[in-house]
Amino acid sequence: MARKPLMAGNWKMNLDHVEATGLVQKLAWTLKDKGYDESKSEAAVLVPFTDIRTVQTLIEADRLPIAFGAQDVSTQESGAYTGEISAPMLAKLNCSYVAVGHSERRQYHGEDDATVNAKAKKVIEHGMTPIICVGEGLDIRQAGNQVQYTLDQVKGALDGISAAQVANLVIAYEPVWAIGTGEVATPEDAQEVCGAIREEIGKLYDAPTAEAVRIQYGGSVKAKNVGELMAKPDVDGALVGGASLDPEEFAGIVRFYE
Ligand code: PEP
């Protein structure tokens, strides 16, 4: 079965719940105005925790063609973990997606592959889809080790997750040097690593699982460069930071197929 591209906007720590309402309304309006074809891509927004309830209410009340989710989750189910947000709490808010292991979590909060793996398992256990973020820093790329480095992250993140579960999750290949820098990877760079991830999943699991898993590219994606990235066979969507804060721009990314 063909993989439906997922265009997910990661708002990061931007927009309070009032601003979130404005952005979702503008995004929905722009998509409708331009004749968005939902069969060709899936649109999602990953919003700050404090925005989720508001975004959920708006999307569900108006039946907007936009999925929503969170940018992180606790490894724990419940209890004495001050400041944490659990997977059951996100599931109760009808979140579809939860990003885990974003490079900013790895860099500023010391998350390692074992933590990312525990988070991904919690998300799956509660019926949501993890978007598992992987990707190399500049030093690794300059040394030419981007494929091996990223595959090791993938293996660590998927430890103990079944083939059926892997088939339904999303992996975002995000080279750290391309995130928020304006320096997008070439389509060939993106394909090299996304293709290697799919091949590795074929080896770790089986061919149908590798065919089913969606692999996004992320790093300075814009409406003007998304088409050439999406033309690559193993790129199944985009994880978008900065450009997802501009509804016109993000709508252009969602409608990459035009
Ligand atoms: C991201 O935050 O995952 C990201 C890819 O950011 P940007 O699109 O701004 O590079």
# chains A, B, ... in the order shown; residues from 1 in each chain; ligands from 1
call {"tool": "residues_near_ligand", "arguments": {"ligand": "ligand 1", "cutoff": "7 Å", "atoms": "only C-alpha atoms and all ligand atoms", "output": "PyMOL selection string"}}
result
chain A and resi 10+12+102+174+178-182+218-221+239-243
call {"tool": "residues_around", "arguments": {"residues": "Glu228 (chain A)", "least_positions_apart": "6", "cutoff": "10 Å", "atoms": "only C-alpha atoms", "output": "list in words"}}
result
Thr186, Pro187, Glu188 and Phe256 of chain A
call {"tool": "residues_around", "arguments": {"residues": "region 77-83 of chain A", "least_positions_apart": "3", "cutoff": "12 Å", "atoms": "only C-alpha atoms", "output": "VMD selection string"}}
result
chain A and resid 49 73 to 74 86 to 91 118 to 119 121 to 123 125 to 126
call {"tool": "select_by_dssp", "arguments": {"residues": "region 117-148 of chain A", "states": "strand (DSSP E or B)", "output": "MDAnalysis selection string"}}
result
chainID A and resid 129:134
call {"tool": "select_by_dssp", "arguments": {"residues": "region 22-258 of chain A", "states": "alpha helix (DSSP H)", "output": "CSV table (one decimal) with C-alpha atoms, in the first residue's frame"}}
result
chain,number,residue,atom,x,y,z
A,22,GLY,CA,-5.4,32.0,15.1
A,23,LEU,CA,-2.7,29.9,13.4
A,24,VAL,CA,-4.9,26.8,13.2
A,25,GLN,CA,-7.8,28.8,11.8
A,26,LYS,CA,-5.6,30.5,9.2
A,27,LEU,CA,-4.0,27.2,8.2
A,28,ALA,CA,-7.4,25.5,7.8
A,29,TRP,CA,-8.8,28.5,5.9
A,30,THR,CA,-5.8,28.6,3.5
A,31,LEU,CA,-5.9,24.8,2.9
A,32,LYS,CA,-9.6,25.0,2.1
A,33,ASP,CA,-9.2,28.1,-0.1
A,52,ILE,CA,-3.3,21.1,23.1
A,53,ARG,CA,-6.8,21.4,24.6
A,54,THR,CA,-7.5,24.6,22.7
A,55,VAL,CA,-6.3,23.1,19.4
A,56,GLN,CA,-8.2,19.9,20.0
A,57,THR,CA,-11.4,21.8,20.6
A,58,LEU,CA,-11.1,23.9,17.5
A,59,ILE,CA,-10.1,21.0,15.2
A,60,GLU,CA,-12.8,18.6,16.5
A,61,ALA,CA,-15.6,21.2,16.6
A,87,ALA,CA,1.2,9.5,27.5
A,88,PRO,CA,-2.3,8.7,29.0
A,89,MET,CA,-2.8,12.5,29.5
A,90,LEU,CA,-2.0,13.1,25.8
A,91,ALA,CA,-4.2,10.2,24.7
A,92,LYS,CA,-7.1,11.6,26.7
A,103,SER,CA,17.5,16.9,18.6
A,104,GLU,CA,16.7,19.8,20.9
A,105,ARG,CA,15.5,17.3,23.6
A,106,ARG,CA,18.7,15.3,23.0
A,107,GLN,CA,20.9,18.4,23.2
A,108,TYR,CA,19.3,20.4,26.0
A,109,HIS,CA,17.8,17.6,28.1
A,113,ASP,CA,18.5,6.4,22.7
A,114,ALA,CA,17.2,4.4,25.7
A,115,THR,CA,15.1,7.4,26.8
A,116,VAL,CA,13.8,7.9,23.3
A,117,ASN,CA,13.0,4.1,23.1
A,118,ALA,CA,11.1,4.3,26.5
A,119,LYS,CA,9.1,7.3,25.3
A,120,ALA,CA,8.2,5.7,21.9
A,121,LYS,CA,7.0,2.6,23.7
A,122,LYS,CA,4.8,4.7,26.0
A,123,VAL,CA,3.3,6.5,23.1
A,124,ILE,CA,2.5,3.3,21.3
A,125,GLU,CA,1.1,1.7,24.4
A,138,LEU,CA,27.8,18.5,11.6
A,139,ASP,CA,30.9,16.8,12.9
A,140,ILE,CA,29.5,13.4,12.1
A,141,ARG,CA,28.5,14.5,8.6
A,142,GLN,CA,31.9,16.1,8.0
A,146,GLN,CA,26.0,10.1,8.9
A,147,VAL,CA,24.5,6.8,7.8
A,148,GLN,CA,26.0,4.6,10.5
A,149,TYR,CA,25.4,7.2,13.2
A,150,THR,CA,21.7,7.6,12.3
A,151,LEU,CA,21.1,3.8,11.9
A,152,ASP,CA,22.5,3.3,15.4
A,153,GLN,CA,20.0,5.8,16.7
A,154,VAL,CA,17.2,4.1,14.9
A,155,LYS,CA,18.2,0.7,16.3
A,156,GLY,CA,18.3,2.1,19.8
A,157,ALA,CA,15.0,3.8,19.4
A,158,LEU,CA,13.2,0.7,18.1
A,163,ALA,CA,7.2,-5.3,13.4
A,164,ALA,CA,3.5,-4.4,13.5
A,165,GLN,CA,4.2,-1.4,15.7
A,166,VAL,CA,7.1,-0.2,13.6
A,167,ALA,CA,4.9,-0.4,10.5
A,168,ASN,CA,2.6,2.2,12.0
A,187,PRO,CA,17.4,15.7,-1.9
A,188,GLU,CA,20.3,13.3,-2.5
A,189,ASP,CA,21.5,13.7,1.1
A,190,ALA,CA,18.0,13.1,2.4
A,191,GLN,CA,17.5,10.1,0.2
A,192,GLU,CA,20.8,8.5,1.2
A,193,VAL,CA,19.9,8.4,4.9
A,194,CYS,CA,16.1,7.8,4.5
A,195,GLY,CA,16.8,5.0,2.1
A,196,ALA,CA,19.4,3.5,4.5
A,197,ILE,CA,16.9,3.6,7.3
A,198,ARG,CA,14.3,1.8,5.3
A,199,GLU,CA,16.8,-0.9,4.3
A,200,GLU,CA,17.9,-1.3,7.9
A,201,ILE,CA,14.3,-1.8,9.0
A,202,GLY,CA,14.0,-4.4,6.3
A,203,LYS,CA,16.9,-6.3,7.9
A,204,LEU,CA,15.8,-5.8,11.5
A,207,ALA,CA,10.2,-6.2,3.8
A,208,PRO,CA,6.5,-5.4,4.4
A,209,THR,CA,7.4,-3.5,7.6
A,210,ALA,CA,10.1,-1.5,5.7
A,211,GLU,CA,7.6,-0.7,3.0
A,212,ALA,CA,5.0,0.5,5.5
A,223,ALA,CA,7.3,25.5,0.4
A,224,LYS,CA,10.0,26.2,-2.3
A,225,ASN,CA,12.2,23.2,-1.5
A,226,VAL,CA,9.7,20.6,-0.4
A,227,GLY,CA,8.8,19.3,-3.9
A,228,GLU,CA,12.3,18.1,-4.7
A,229,LEU,CA,12.7,16.4,-1.4
A,230,MET,CA,9.4,14.7,-1.7
A,247,PRO,CA,0.1,29.3,7.8
A,248,GLU,CA,0.6,30.3,4.1
A,249,GLU,CA,4.0,28.7,4.0
A,250,PHE,CA,3.0,25.6,5.9
A,251,ALA,CA,-0.1,25.2,3.7
A,252,GLY,CA,2.3,25.3,0.7
A,253,ILE,CA,4.3,22.5,2.3
A,254,VAL,CA,1.2,20.4,3.0
call {"tool": "closest_residue", "arguments": {"among": "A:Cys133, A:Ala172, A:Leu245, A:Ala238", "to": "Glu42 (chain A)", "atoms": "only C-alpha atoms"}}
result
A:Ala238
